[in-house]
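For reference, data.cif (mmCIF, C-alpha atoms):
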data_entry
loop_
_atom_site.group_PDB
_atom_site.id
_atom_site.type_symbol
_atom_site.label_atom_id
_atom_site.label_comp_id
_atom_site.auth_asym_id
_atom_site.auth_seq_id
_atom_site.Cartn_x
_atom_site.Cartn_y
_atom_site.Cartn_z
ATOM 1 C CA MET A 1 124.044 97.814 123.197
ATOM 2 C CA SER A 2 121.267 96.624 120.921
ATOM 3 C CA HIS A 3 120.178 98.282 117.726
ATOM 4 C CA SER A 4 116.544 98.786 116.747
ATOM 5 C CA SER A 5 115.354 98.376 113.192
ATOM 6 C CA GLU A 6 112.784 101.002 112.298
ATOM 7 C CA THR A 7 110.033 100.405 109.761
ATOM 8 C CA ARG A 8 107.434 102.655 108.237
ATOM 9 C CA ILE A 9 104.532 101.985 105.916
ATOM 10 C CA PHE A 10 102.190 104.605 104.507
ATOM 11 C CA THR A 11 99.815 105.273 101.651
ATOM 12 C CA ALA A 12 100.361 107.853 98.922
ATOM 13 C CA PRO A 13 98.743 108.974 95.675
ATOM 14 C CA ALA A 14 100.466 107.509 92.609
ATOM 15 C CA ALA A 15 101.087 111.003 91.221
ATOM 16 C CA SER A 16 103.287 111.839 94.218
ATOM 17 C CA ILE A 17 105.830 109.107 93.521
ATOM 18 C CA ARG A 18 108.751 109.461 91.183
ATOM 19 C CA SER A 19 109.388 106.118 89.553
ATOM 20 C CA PRO A 20 111.883 104.708 89.860
ATOM 21 C CA LEU A 21 113.071 106.171 93.136
ATOM 22 C CA ALA A 22 116.593 107.362 92.405
ATOM 23 C CA SER A 23 117.889 108.120 95.888
ATOM 24 C CA ALA A 24 117.292 108.188 99.598
ATOM 25 C CA GLU A 25 116.307 111.821 99.128
ATOM 26 C CA ASP A 26 113.467 110.747 96.817
ATOM 27 C CA TYR A 27 112.209 108.442 99.557
ATOM 28 C CA GLU A 28 112.598 111.119 102.238
ATOM 29 C CA ALA A 29 110.538 113.529 100.143
ATOM 30 C CA LEU A 30 107.769 110.922 100.070
ATOM 31 C CA ALA A 31 108.043 110.257 103.785
ATOM 32 C CA HIS A 32 107.818 113.958 104.653
ATOM 33 C CA GLY A 33 105.133 114.797 102.060
ATOM 34 C CA PRO A 34 102.523 112.075 101.440
ATOM 35 C CA GLY A 35 103.792 110.142 104.463
ATOM 36 C CA ALA A 36 102.972 113.062 106.756
ATOM 37 C CA VAL A 37 99.498 113.325 105.204
ATOM 38 C CA ALA A 38 98.905 109.582 105.730
ATOM 39 C CA CYS A 39 100.149 109.842 109.315
ATOM 40 C CA ALA A 40 97.734 112.691 110.056
ATOM 41 C CA ARG A 41 94.685 110.750 108.879
ATOM 42 C CA THR A 42 92.343 109.695 111.663
ATOM 43 C CA ASP A 43 89.514 108.157 109.634
ATOM 44 C CA LYS A 44 91.323 104.921 108.722
ATOM 45 C CA LEU A 45 94.747 103.384 109.292
ATOM 46 C CA HIS A 46 97.068 104.705 106.571
ATOM 47 C CA HIS A 47 100.428 104.576 108.322
ATOM 48 C CA ILE A 48 102.453 102.459 110.727
ATOM 49 C CA PHE A 49 105.698 103.164 112.522
ATOM 50 C CA GLY A 50 107.431 100.006 113.706
ATOM 51 C CA SER A 51 110.485 99.435 115.842
ATOM 52 C CA THR A 52 111.963 96.071 116.693
ATOM 53 C CA ARG A 53 115.025 95.500 118.841
ATOM 54 C CA SER A 54 117.900 93.898 116.914
ATOM 55 C CA GLY A 55 115.543 93.418 113.965
ATOM 56 C CA TYR A 56 113.765 90.639 115.875
ATOM 57 C CA ALA A 57 110.341 90.882 114.205
ATOM 58 C CA ILE A 58 111.872 91.290 110.744
ATOM 59 C CA TYR A 59 114.166 88.260 111.041
ATOM 60 C CA TYR A 60 111.565 86.151 112.847
ATOM 61 C CA PHE A 61 108.989 86.896 110.170
ATOM 62 C CA GLY A 62 111.547 85.858 107.544
ATOM 63 C CA ASP A 63 112.014 82.559 109.367
ATOM 64 C CA ILE A 64 108.241 82.000 109.454
ATOM 65 C CA LEU A 65 107.953 82.810 105.738
ATOM 66 C CA ALA A 66 110.638 80.229 104.911
ATOM 67 C CA ASN A 67 107.920 77.615 105.546
ATOM 68 C CA PHE A 68 105.608 79.021 102.858
ATOM 69 C CA ASP A 69 105.511 80.149 99.255
ATOM 70 C CA PHE A 70 104.256 83.696 99.851
ATOM 71 C CA PRO A 71 106.564 85.875 97.736
ATOM 72 C CA ALA A 72 104.336 88.954 98.040
ATOM 73 C CA LEU A 73 105.205 89.154 101.755
ATOM 74 C CA THR A 74 109.003 89.047 101.472
ATOM 75 C CA PHE A 75 109.215 92.848 101.447
ATOM 76 C CA LEU A 76 108.513 92.640 105.211
ATOM 77 C CA THR A 77 111.787 90.751 105.746
ATOM 78 C CA ASP A 78 115.376 91.949 105.391
ATOM 79 C CA SER A 79 115.429 91.319 101.629
ATOM 80 C CA GLY A 80 113.226 91.401 98.565
ATOM 81 C CA GLN A 81 112.611 95.153 98.350
ATOM 82 C CA GLN A 82 112.816 97.149 95.121
ATOM 83 C CA TYR A 83 115.247 99.739 96.470
ATOM 84 C CA ALA A 84 118.173 99.859 98.900
ATOM 85 C CA PHE A 85 119.727 103.211 99.809
ATOM 86 C CA GLU A 86 122.909 103.442 101.856
ATOM 87 C CA GLY A 87 122.886 106.180 104.460
ATOM 88 C CA GLU A 88 124.725 107.505 107.460
ATOM 89 C CA TYR A 89 123.107 105.008 109.852
ATOM 90 C CA GLY A 90 122.818 101.946 107.619
ATOM 91 C CA THR A 91 120.668 100.783 104.739
ATOM 92 C CA THR A 92 117.127 101.920 104.043
ATOM 93 C CA LEU A 93 115.128 99.279 102.173
ATOM 94 C CA VAL A 94 112.087 100.556 100.258
ATOM 95 C CA GLU A 95 109.198 98.803 98.506
ATOM 96 C CA VAL A 96 106.351 100.416 96.561
ATOM 97 C CA LEU A 97 103.148 98.381 96.318
ATOM 98 C CA ASP A 98 100.783 99.066 93.443
ATOM 99 C CA ALA A 99 97.256 97.620 93.269
ATOM 100 C CA GLN A 100 98.420 94.291 91.818
ATOM 101 C CA LYS A 101 100.996 93.817 94.587
ATOM 102 C CA GLN A 102 98.468 94.954 97.197
ATOM 103 C CA ARG A 103 96.008 92.262 96.104
ATOM 104 C CA ALA A 104 98.741 89.636 96.395
ATOM 105 C CA VAL A 105 99.738 90.897 99.863
ATOM 106 C CA ILE A 106 96.123 90.733 101.063
ATOM 107 C CA GLU A 107 95.600 87.224 99.700
ATOM 108 C CA GLN A 108 98.887 85.845 101.019
ATOM 109 C CA MET A 109 98.693 87.540 104.432
ATOM 110 C CA ASN A 110 95.225 86.092 105.015
ATOM 111 C CA ALA A 111 96.469 82.667 103.898
ATOM 112 C CA LEU A 112 99.435 82.968 106.271
ATOM 113 C CA PHE A 113 97.215 83.839 109.229
ATOM 114 C CA ALA A 114 94.907 80.906 108.415
ATOM 115 C CA ALA A 115 97.842 78.485 108.145
ATOM 116 C CA LEU A 116 99.359 79.624 111.441
ATOM 117 C CA ARG A 117 96.022 79.434 113.246
ATOM 118 C CA ALA A 118 95.652 75.873 111.955
ATOM 119 C CA ASP A 119 99.205 74.955 112.975
ATOM 120 C CA PRO A 120 100.836 77.437 115.389
ATOM 121 C CA SER A 121 103.789 75.071 115.813
ATOM 122 C CA ILE A 122 105.151 76.499 112.533
ATOM 123 C CA ALA A 123 105.608 79.870 114.223
ATOM 124 C CA TYR A 124 106.975 78.333 117.431
ATOM 125 C CA ASP A 125 109.506 76.249 115.510
ATOM 126 C CA ALA A 126 110.642 79.244 113.442
ATOM 127 C CA GLU A 127 111.503 81.322 116.518
ATOM 128 C CA THR A 128 115.132 80.701 117.496
ATOM 129 C CA PHE A 129 115.639 83.635 119.866
ATOM 130 C CA GLY A 130 113.966 82.079 122.918
ATOM 131 C CA HIS A 131 111.420 84.883 123.374
ATOM 132 C CA LEU A 132 108.241 82.784 123.285
ATOM 133 C CA SER A 133 106.205 81.130 126.010
ATOM 134 C CA ASP A 134 103.398 78.607 125.672
ATOM 135 C CA GLY A 135 100.289 80.229 124.229
ATOM 136 C CA ASP A 136 102.044 83.332 122.867
ATOM 137 C CA ILE A 137 101.346 82.545 119.208
ATOM 138 C CA GLU A 138 97.751 81.430 119.751
ATOM 139 C CA ASN A 139 96.980 84.503 121.858
ATOM 140 C CA ALA A 140 98.598 86.868 119.342
ATOM 141 C CA LEU A 141 96.744 85.297 116.413
ATOM 142 C CA ALA A 142 93.401 85.397 118.248
ATOM 143 C CA ARG A 143 93.444 89.191 118.466
ATOM 144 C CA ASP A 144 92.153 91.566 115.798
ATOM 145 C CA TYR A 145 93.814 94.690 117.233
ATOM 146 C CA VAL A 146 95.681 97.034 114.865
ATOM 147 C CA SER A 147 97.874 100.034 115.688
ATOM 148 C CA GLY A 148 99.770 102.809 113.950
ATOM 149 C CA ARG A 149 102.584 102.525 116.520
ATOM 150 C CA PRO A 150 102.554 98.966 117.858
ATOM 151 C CA TYR A 151 105.990 99.259 119.505
ATOM 152 C CA ALA A 152 104.760 102.073 121.768
ATOM 153 C CA ASP A 153 101.148 100.949 122.180
ATOM 154 C CA THR A 154 100.183 99.895 125.703
ATOM 155 C CA GLN A 155 97.598 97.519 124.205
ATOM 156 C CA VAL A 156 100.433 95.498 122.627
ATOM 157 C CA TYR A 157 102.309 93.094 124.886
ATOM 158 C CA GLY A 158 105.997 93.989 125.069
ATOM 159 C CA ASP A 159 107.629 97.319 124.358
ATOM 160 C CA GLU A 160 110.709 96.530 122.272
ATOM 161 C CA GLY A 161 109.143 94.888 119.239
ATOM 162 C CA ASP A 162 110.399 91.449 120.223
ATOM 163 C CA THR A 163 107.206 89.597 121.098
ATOM 164 C CA ALA A 164 104.688 87.516 119.171
ATOM 165 C CA ASP A 165 101.995 90.062 120.059
ATOM 166 C CA TYR A 166 104.057 92.858 118.507
ATOM 167 C CA LEU A 167 104.754 90.856 115.338
ATOM 168 C CA PHE A 168 101.162 89.845 114.712
ATOM 169 C CA THR A 169 99.727 93.249 115.652
ATOM 170 C CA TYR A 170 102.219 94.745 113.218
ATOM 171 C CA LEU A 171 101.291 92.278 110.452
ATOM 172 C CA ARG A 172 97.541 92.843 110.968
ATOM 173 C CA SER A 173 98.176 96.578 110.843
ATOM 174 C CA VAL A 174 100.163 96.269 107.606
ATOM 175 C CA LEU A 175 97.291 94.253 106.147
ATOM 176 C CA LYS A 176 94.809 96.964 107.168
ATOM 177 C CA VAL A 177 96.913 99.740 105.582
ATOM 178 C CA VAL A 178 97.179 97.736 102.360
ATOM 179 C CA GLU A 179 93.426 97.046 102.333
ATOM 180 C CA ASN A 180 92.685 100.739 102.894
ATOM 181 C CA ALA A 181 95.081 101.750 100.117
ATOM 182 C CA LEU A 182 93.516 99.334 97.651
ATOM 183 C CA GLU A 183 90.034 100.582 98.522
ATOM 184 C CA GLU A 184 91.085 104.196 97.894
ATOM 185 C CA GLY A 185 93.308 103.627 94.848
ATOM 186 C CA LEU A 186 96.519 104.632 96.636
ATOM 187 C CA LEU A 187 100.018 103.178 96.530
ATOM 188 C CA VAL A 188 101.709 101.777 99.621
ATOM 189 C CA ILE A 189 105.289 102.680 100.505
ATOM 190 C CA TYR A 190 107.241 100.524 102.942
ATOM 191 C CA SER A 191 110.664 101.250 104.366
ATOM 192 C CA ALA A 192 112.967 99.514 106.818
ATOM 193 C CA GLU A 193 116.149 100.943 108.300
ATOM 194 C CA MET A 194 118.495 98.040 108.872
#
Representation of the structure as structure tokens:
Amino acid sequence: MSHSSETRIFTAPAASIRSPLASAEDYEALAHGPGAVACARTDKLHHIFGSTRSGYAIYYFGDILANFDFPALTFLTDSGQQYAFEGEYGTTLVEVLDAQKQRAVIEQMNALFAALRADPSIAYDAETFGHLSDGDIENALARDYVSGRPYADTQVYGDEGDTADYLFTYLRSVLKVVENALEEGLLVIYSAEM
């Protein structure tokens, strides 16, 4: 039986966040308060729920990042977050992105996309699970589609979060949430249940 790693990213006003986060309960209060508000927004993308079988997209993205010096993006892997809370079903990793971190994420994510478009073999070579076919990376990078629930979105190829289309739709969506947060002066909260 495979396990799915769940991720969530949402925007929140700075005043709503206790710093530092002291417990999983502090995070849950954010997720159920400001996170619910961000999820309900329909004007712009302010939240994403992700799900990837066996952590595929998380580990694969980490393997891609190993080829670059993009430290602002490591929070999207299985390490590099500010907080780790042990719970009943595993570890919840949490990162809070302020405006300075958001700017770095935007700059480095755009640089990553440009580098992979110029040389998609980097992404092919980083994938060791055997889930890719010829053209998967190029096709995924050519899209501009974003989604608040890419794992369950019929416009995203694959339904278990273990495809190139899922990964790059997810990354574009994260970029859009971060851009929207920066524009509105909000923080970004990311969590991954590993």
Can you give me, as number ranges by chain, the residues this file yields under the PyMOL selection byres ((chain A and resi 174) around 10)? A: 8-10, 45-48, 76, 105-106, 109, 146-148, 168-173, 175-180, 188, 190
In Å, with one decimal, what is the gap from atom CA of Asp98 of chain A to atom CA of Cys39 of chain A? 19.2 Å
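Residues matched by the PyMOL selection byres ((chain A and resi 30-35) around 8) in this file are Phe10, Thr11, Ala12, Pro13, Ser16, Ile17, Asp26, Tyr27, Glu28, Ala29, Ala36, Val37, Ala38, Cys39 and His47 of chain A.
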Which neighbours of Asp165 of chain A fall inside 7 Å, counting only C-alpha atoms, when residues of the same chain fewer than 6 positions from it are skipped, and could you give them as a PyMOL selection string? chain A and resi 140+156-157
What are the nearest atom pairs, with distances in Å to one decimal, for all residues of segment 101-126 of chain A that come at most 10 Å from segment 59-64 of chain A, using only C-alpha atoms, set out by chain and rising residue number as a tab-separated table?
residue	atom	partner	partner_atom	distance
A:Leu112	CA	A:Ile64	CA	9.4
A:Leu116	CA	A:Ile64	CA	9.4
A:Ile122	CA	A:Ile64	CA	7.0
A:Ala123	CA	A:Ile64	CA	5.8
A:Tyr124	CA	A:Ile64	CA	8.9
A:Asp125	CA	A:Ile64	CA	8.4
A:Ala126	CA	A:Ile64	CA	5.4
Check which residues satisfy the PyMOL selection byres ((chain A and resi 78) around 9) in the file shown, then give them as a ChimeraX atom specification. /A:55,58-59,62,74-77,79-81,93,192,194
If I take atom CA of Ala114 of chain A and atom CA of Glu127 of chain A, how far is one from the other in Å, to one decimal? 18.5 Å
Only N, CA, C and O atoms, please: segment 165-184 of chain A from the block, as a PDB file, in the first residue's frame.
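Result saved to part_30.pdb:
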ATOM      1  N   ASP A 165       3.456  16.497 -15.472  1.00  0.00           N
ATOM      2  CA  ASP A 165       2.416  17.520 -15.598  1.00  0.00           C
ATOM      3  C   ASP A 165       1.916  17.954 -14.219  1.00  0.00           C
ATOM      4  O   ASP A 165       1.706  19.143 -13.972  1.00  0.00           O
ATOM      5  N   TYR A 166       1.751  17.001 -13.308  1.00  0.00           N
ATOM      6  CA  TYR A 166       1.365  17.364 -11.945  1.00  0.00           C
ATOM      7  C   TYR A 166       2.435  18.256 -11.317  1.00  0.00           C
ATOM      8  O   TYR A 166       2.126  19.322 -10.773  1.00  0.00           O
ATOM      9  N   LEU A 167       3.701  17.816 -11.367  1.00  0.00           N
ATOM     10  CA  LEU A 167       4.763  18.572 -10.708  1.00  0.00           C
ATOM     11  C   LEU A 167       4.835  20.002 -11.215  1.00  0.00           C
ATOM     12  O   LEU A 167       4.861  20.952 -10.420  1.00  0.00           O
ATOM     13  N   PHE A 168       4.823  20.188 -12.528  1.00  0.00           N
ATOM     14  CA  PHE A 168       5.003  21.536 -13.047  1.00  0.00           C
ATOM     15  C   PHE A 168       3.732  22.383 -12.942  1.00  0.00           C
ATOM     16  O   PHE A 168       3.818  23.601 -12.779  1.00  0.00           O
ATOM     17  N   THR A 169       2.564  21.765 -12.967  1.00  0.00           N
ATOM     18  CA  THR A 169       1.338  22.515 -12.664  1.00  0.00           C
ATOM     19  C   THR A 169       1.374  22.963 -11.209  1.00  0.00           C
ATOM     20  O   THR A 169       1.043  24.112 -10.893  1.00  0.00           O
ATOM     21  N   TYR A 170       1.804  22.076 -10.338  1.00  0.00           N
ATOM     22  CA  TYR A 170       1.912  22.408  -8.918  1.00  0.00           C
ATOM     23  C   TYR A 170       2.899  23.552  -8.708  1.00  0.00           C
ATOM     24  O   TYR A 170       2.600  24.526  -8.009  1.00  0.00           O
ATOM     25  N   LEU A 171       4.076  23.473  -9.328  1.00  0.00           N
ATOM     26  CA  LEU A 171       5.090  24.518  -9.151  1.00  0.00           C
ATOM     27  C   LEU A 171       4.620  25.860  -9.710  1.00  0.00           C
ATOM     28  O   LEU A 171       4.835  26.902  -9.080  1.00  0.00           O
ATOM     29  N   ARG A 172       3.969  25.848 -10.875  1.00  0.00           N
ATOM     30  CA  ARG A 172       3.416  27.101 -11.424  1.00  0.00           C
ATOM     31  C   ARG A 172       2.362  27.680 -10.492  1.00  0.00           C
ATOM     32  O   ARG A 172       2.270  28.897 -10.314  1.00  0.00           O
ATOM     33  N   SER A 173       1.576  26.804  -9.899  1.00  0.00           N
ATOM     34  CA  SER A 173       0.521  27.246  -8.981  1.00  0.00           C
ATOM     35  C   SER A 173       1.114  27.841  -7.713  1.00  0.00           C
ATOM     36  O   SER A 173       0.642  28.863  -7.218  1.00  0.00           O
ATOM     37  N   VAL A 174       2.167  27.210  -7.181  1.00  0.00           N
ATOM     38  CA  VAL A 174       2.866  27.772  -6.024  1.00  0.00           C
ATOM     39  C   VAL A 174       3.394  29.157  -6.373  1.00  0.00           C
ATOM     40  O   VAL A 174       3.233  30.116  -5.601  1.00  0.00           O
ATOM     41  N   LEU A 175       4.011  29.278  -7.536  1.00  0.00           N
ATOM     42  CA  LEU A 175       4.534  30.579  -7.968  1.00  0.00           C
ATOM     43  C   LEU A 175       3.416  31.616  -8.016  1.00  0.00           C
ATOM     44  O   LEU A 175       3.589  32.748  -7.550  1.00  0.00           O
ATOM     45  N   LYS A 176       2.262  31.257  -8.540  1.00  0.00           N
ATOM     46  CA  LYS A 176       1.143  32.194  -8.634  1.00  0.00           C
ATOM     47  C   LYS A 176       0.650  32.610  -7.251  1.00  0.00           C
ATOM     48  O   LYS A 176       0.372  33.790  -7.011  1.00  0.00           O
ATOM     49  N   VAL A 177       0.552  31.680  -6.310  1.00  0.00           N
ATOM     50  CA  VAL A 177       0.136  32.025  -4.946  1.00  0.00           C
ATOM     51  C   VAL A 177       1.139  32.992  -4.325  1.00  0.00           C
ATOM     52  O   VAL A 177       0.756  33.990  -3.698  1.00  0.00           O
ATOM     53  N   VAL A 178       2.424  32.722  -4.511  1.00  0.00           N
ATOM     54  CA  VAL A 178       3.453  33.593  -3.939  1.00  0.00           C
ATOM     55  C   VAL A 178       3.395  34.981  -4.577  1.00  0.00           C
ATOM     56  O   VAL A 178       3.485  36.003  -3.886  1.00  0.00           O
ATOM     57  N   GLU A 179       3.220  35.045  -5.883  1.00  0.00           N
ATOM     58  CA  GLU A 179       3.090  36.343  -6.560  1.00  0.00           C
ATOM     59  C   GLU A 179       1.884  37.116  -6.041  1.00  0.00           C
ATOM     60  O   GLU A 179       1.964  38.322  -5.785  1.00  0.00           O
ATOM     61  N   ASN A 180       0.755  36.425  -5.878  1.00  0.00           N
ATOM     62  CA  ASN A 180      -0.453  37.081  -5.379  1.00  0.00           C
ATOM     63  C   ASN A 180      -0.271  37.574  -3.948  1.00  0.00           C
ATOM     64  O   ASN A 180      -0.736  38.654  -3.587  1.00  0.00           O
ATOM     65  N   ALA A 181       0.411  36.785  -3.130  1.00  0.00           N
ATOM     66  CA  ALA A 181       0.669  37.196  -1.745  1.00  0.00           C
ATOM     67  C   ALA A 181       1.543  38.441  -1.708  1.00  0.00           C
ATOM     68  O   ALA A 181       1.251  39.386  -0.960  1.00  0.00           O
ATOM     69  N   LEU A 182       2.593  38.449  -2.504  1.00  0.00           N
ATOM     70  CA  LEU A 182       3.495  39.602  -2.514  1.00  0.00           C
ATOM     71  C   LEU A 182       2.754  40.857  -2.957  1.00  0.00           C
ATOM     72  O   LEU A 182       2.914  41.927  -2.363  1.00  0.00           O
ATOM     73  N   GLU A 183       1.920  40.717  -3.965  1.00  0.00           N
ATOM     74  CA  GLU A 183       1.145  41.855  -4.473  1.00  0.00           C
ATOM     75  C   GLU A 183       0.215  42.431  -3.411  1.00  0.00           C
ATOM     76  O   GLU A 183      -0.004  43.635  -3.348  1.00  0.00           O
ATOM     77  N   GLU A 184      -0.320  41.557  -2.550  1.00  0.00           N
ATOM     78  CA  GLU A 184      -1.297  41.991  -1.545  1.00  0.00           C
ATOM     79  C   GLU A 184      -0.704  42.174  -0.151  1.00  0.00           C
ATOM     80  O   GLU A 184      -1.430  42.462   0.797  1.00  0.00           O
TER      81      GLU A 184
END
